[in-house]
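Heads up: the structure comes next, in structure tokens.
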Amino acid sequence: MAFPSYVVVTTTVADRESAERIAGVLVNERLAGCVQVSGPVFSHYRWKGASERTEEWRLDCKTTTARLSALERRLLELHPYDLPEILALPVVQGSDAYLRWLDESTQGEGS
């Protein structure tokens with residue numbers, strides 16, 4: 001299987017303001033071509049031995065694999081959680097025009 005050229009990085013934060021701030025930084029720094037913010041979503045998970053349920057806001061960050069490491073580093077700097085969810089999901093197919101736009105949108109500053 002070939003390594004994907006594009007990924008969607010998913011994370012969640014506790015409030016809309018944090019989500020909007022992080023999304024803006026990632027796009028402005030060309031680490032992501034697009035970040036979709038949705039919420040609230042409800043997460044059920046185990047943390048420090050206890051079952052938790054939390055209202056969160058989800059960010060789906062579209063980027064190239066070439067920008068993935070830089071996006072992850074920046075996300076760790078910006079993220080308010082001690083252990084943020086950072087999952088990179090491969091894009092197995094996309095429209096040629098959209099993927100060209102994604103390439104263009106993530107080139108430049110620091111790439």
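Chain identifiers are assigned as A, B, and so on, following the order in which chains appear in the structure tokens; residues are numbered from 1 within each chain, and ligands are numbered from 1 in order of appearance.
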**OP:** For A:Val7, work out the shell of residues within 9 Å, counting only C-alpha atoms and skipping chain neighbours fewer than 3 positions away, then give it as number ranges by chain.
**Re:** A: 4, 61-65, 68, 88-92
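Of the residues in stretch 73-106 of chain A, those that DSSP places in alpha helix (DSSP H) on the basis of the backbone are Arg73, Arg74, Leu75, Leu76, Glu77, Leu78, Asp96, Ala97, Tyr98, Leu99, Arg100, Trp101, Leu102, Asp103, Glu104 and Ser105 of chain A.
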**OP:** Find, counting only C-alpha atoms, the residue in A:His79, A:Glu85, A:Leu31, A:Val9 that gets nearest to A:Ser43.
**Re:** A:Glu85
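Reported to one decimal place, the separation of atom CA of A:Leu87 from atom CA of A:Pro40 is 18.8 Å.
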**OP:** Find the spatial neighbours of A:His44, counting only C-alpha atoms, within a cut-off of 12 Å - ignore same-chain residues fewer than 2 positions away - and output them as a PyMOL selection string.
**Re:** chain A and resi 41-42+46-47+50-56
Subject >> Point-to-point distance in Å for atom CA of A:Val35 and atom CA of A:Arg16 >> reply: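 Result for atom CA of A:Arg16 versus atom CA of A:Val35: 13.1 Å, one decimal.
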**OP:** Mind the document's chain letters and residue numbers, and return as a PyMOL selection string the residues of stretch 7-53 of chain A that DSSP labels strand (DSSP E or B).
**Re:** chain A and resi 7-13+34-47+50-53
Any chance you can output those residues with N, CA and C atoms as a CSV table (one decimal), in the first residue's frame?
chain,number,residue,atom,x,y,z
A,7,VAL,N,-3.9,13.7,4.4
A,7,VAL,CA,-4.5,13.2,5.6
A,7,VAL,C,-5.5,14.2,6.2
A,8,VAL,N,-6.4,13.7,7.0
A,8,VAL,CA,-7.2,14.5,7.8
A,8,VAL,C,-6.9,14.3,9.3
A,9,VAL,N,-6.4,15.3,9.9
A,9,VAL,CA,-6.0,15.2,11.3
A,9,VAL,C,-7.2,15.6,12.2
A,10,THR,N,-7.6,14.8,13.1
A,10,THR,CA,-8.7,15.0,14.0
A,10,THR,C,-8.2,15.3,15.4
A,11,THR,N,-8.8,16.3,16.0
A,11,THR,CA,-8.6,16.5,17.5
A,11,THR,C,-9.9,17.1,18.0
A,12,THR,N,-10.0,17.2,19.4
A,12,THR,CA,-11.1,17.8,20.0
A,12,THR,C,-10.6,18.7,21.1
A,13,VAL,N,-11.4,19.8,21.4
A,13,VAL,CA,-11.0,20.7,22.5
A,13,VAL,C,-12.3,21.0,23.3
A,34,CYS,N,-7.5,23.6,5.2
A,34,CYS,CA,-8.9,23.8,5.7
A,34,CYS,C,-9.0,23.1,7.1
A,35,VAL,N,-9.7,23.7,8.0
A,35,VAL,CA,-10.0,23.1,9.3
A,35,VAL,C,-11.5,23.3,9.5
A,36,GLN,N,-12.2,22.2,9.6
A,36,GLN,CA,-13.6,22.3,9.9
A,36,GLN,C,-13.8,22.1,11.4
A,37,VAL,N,-14.6,23.0,11.9
A,37,VAL,CA,-14.9,23.0,13.4
A,37,VAL,C,-16.4,22.6,13.5
A,38,SER,N,-16.6,21.5,14.3
A,38,SER,CA,-18.0,21.1,14.5
A,38,SER,C,-18.2,20.8,16.0
A,39,GLY,N,-19.5,21.0,16.4
A,39,GLY,CA,-19.8,20.7,17.8
A,39,GLY,C,-21.0,21.4,18.2
A,40,PRO,N,-21.4,21.2,19.4
A,40,PRO,CA,-20.7,20.3,20.3
A,40,PRO,C,-20.9,18.8,19.9
A,41,VAL,N,-19.9,18.0,20.3
A,41,VAL,CA,-19.9,16.6,20.2
A,41,VAL,C,-19.7,16.1,21.6
A,42,PHE,N,-20.2,14.9,21.9
A,42,PHE,CA,-20.1,14.3,23.2
A,42,PHE,C,-19.1,13.1,23.2
A,43,SER,N,-18.0,13.2,24.0
A,43,SER,CA,-17.0,12.2,24.0
A,43,SER,C,-17.2,11.4,25.3
A,44,HIS,N,-17.1,10.1,25.1
A,44,HIS,CA,-17.2,9.1,26.3
A,44,HIS,C,-15.8,8.4,26.2
A,45,TYR,N,-15.1,8.4,27.4
A,45,TYR,CA,-13.7,7.9,27.4
A,45,TYR,C,-13.4,7.6,28.9
A,46,ARG,N,-12.2,6.9,29.0
A,46,ARG,CA,-11.7,6.6,30.3
A,46,ARG,C,-10.5,7.5,30.5
A,47,TRP,N,-10.4,8.2,31.7
A,47,TRP,CA,-9.3,9.1,32.0
A,47,TRP,C,-9.0,8.9,33.5
A,50,ALA,N,-11.2,6.6,35.5
A,50,ALA,CA,-12.7,6.9,35.6
A,50,ALA,C,-13.3,7.0,34.3
A,51,SER,N,-14.6,6.6,34.2
A,51,SER,CA,-15.3,6.8,33.0
A,51,SER,C,-15.8,8.3,32.9
A,52,GLU,N,-15.6,8.9,31.8
A,52,GLU,CA,-15.9,10.3,31.6
A,52,GLU,C,-16.8,10.6,30.4
A,53,ARG,N,-17.6,11.7,30.5
A,53,ARG,CA,-18.4,12.1,29.4
A,53,ARG,C,-18.2,13.6,29.3
Original post:
atom CA of A:Ser5 and atom CA of A:Ala97, how far apart in Å?
Top reply: 14.5 Å
Subject >> Pick from A:Arg30, A:Asp15, A:Val25, A:Glu20 nearest to A:Glu77, counting only C-alpha atoms >> reply: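 Of the candidates, the smallest distance to A:Glu77 is held by A:Val25.
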Original post:
Using only C-alpha atoms, which of the listed residues (A:Gly33, A:Ala19, A:Val27, A:Ala14) sits closest to A:Trp101?
Top reply: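 Using only C-alpha atoms, A:Trp101 sits closest to A:Gly33.
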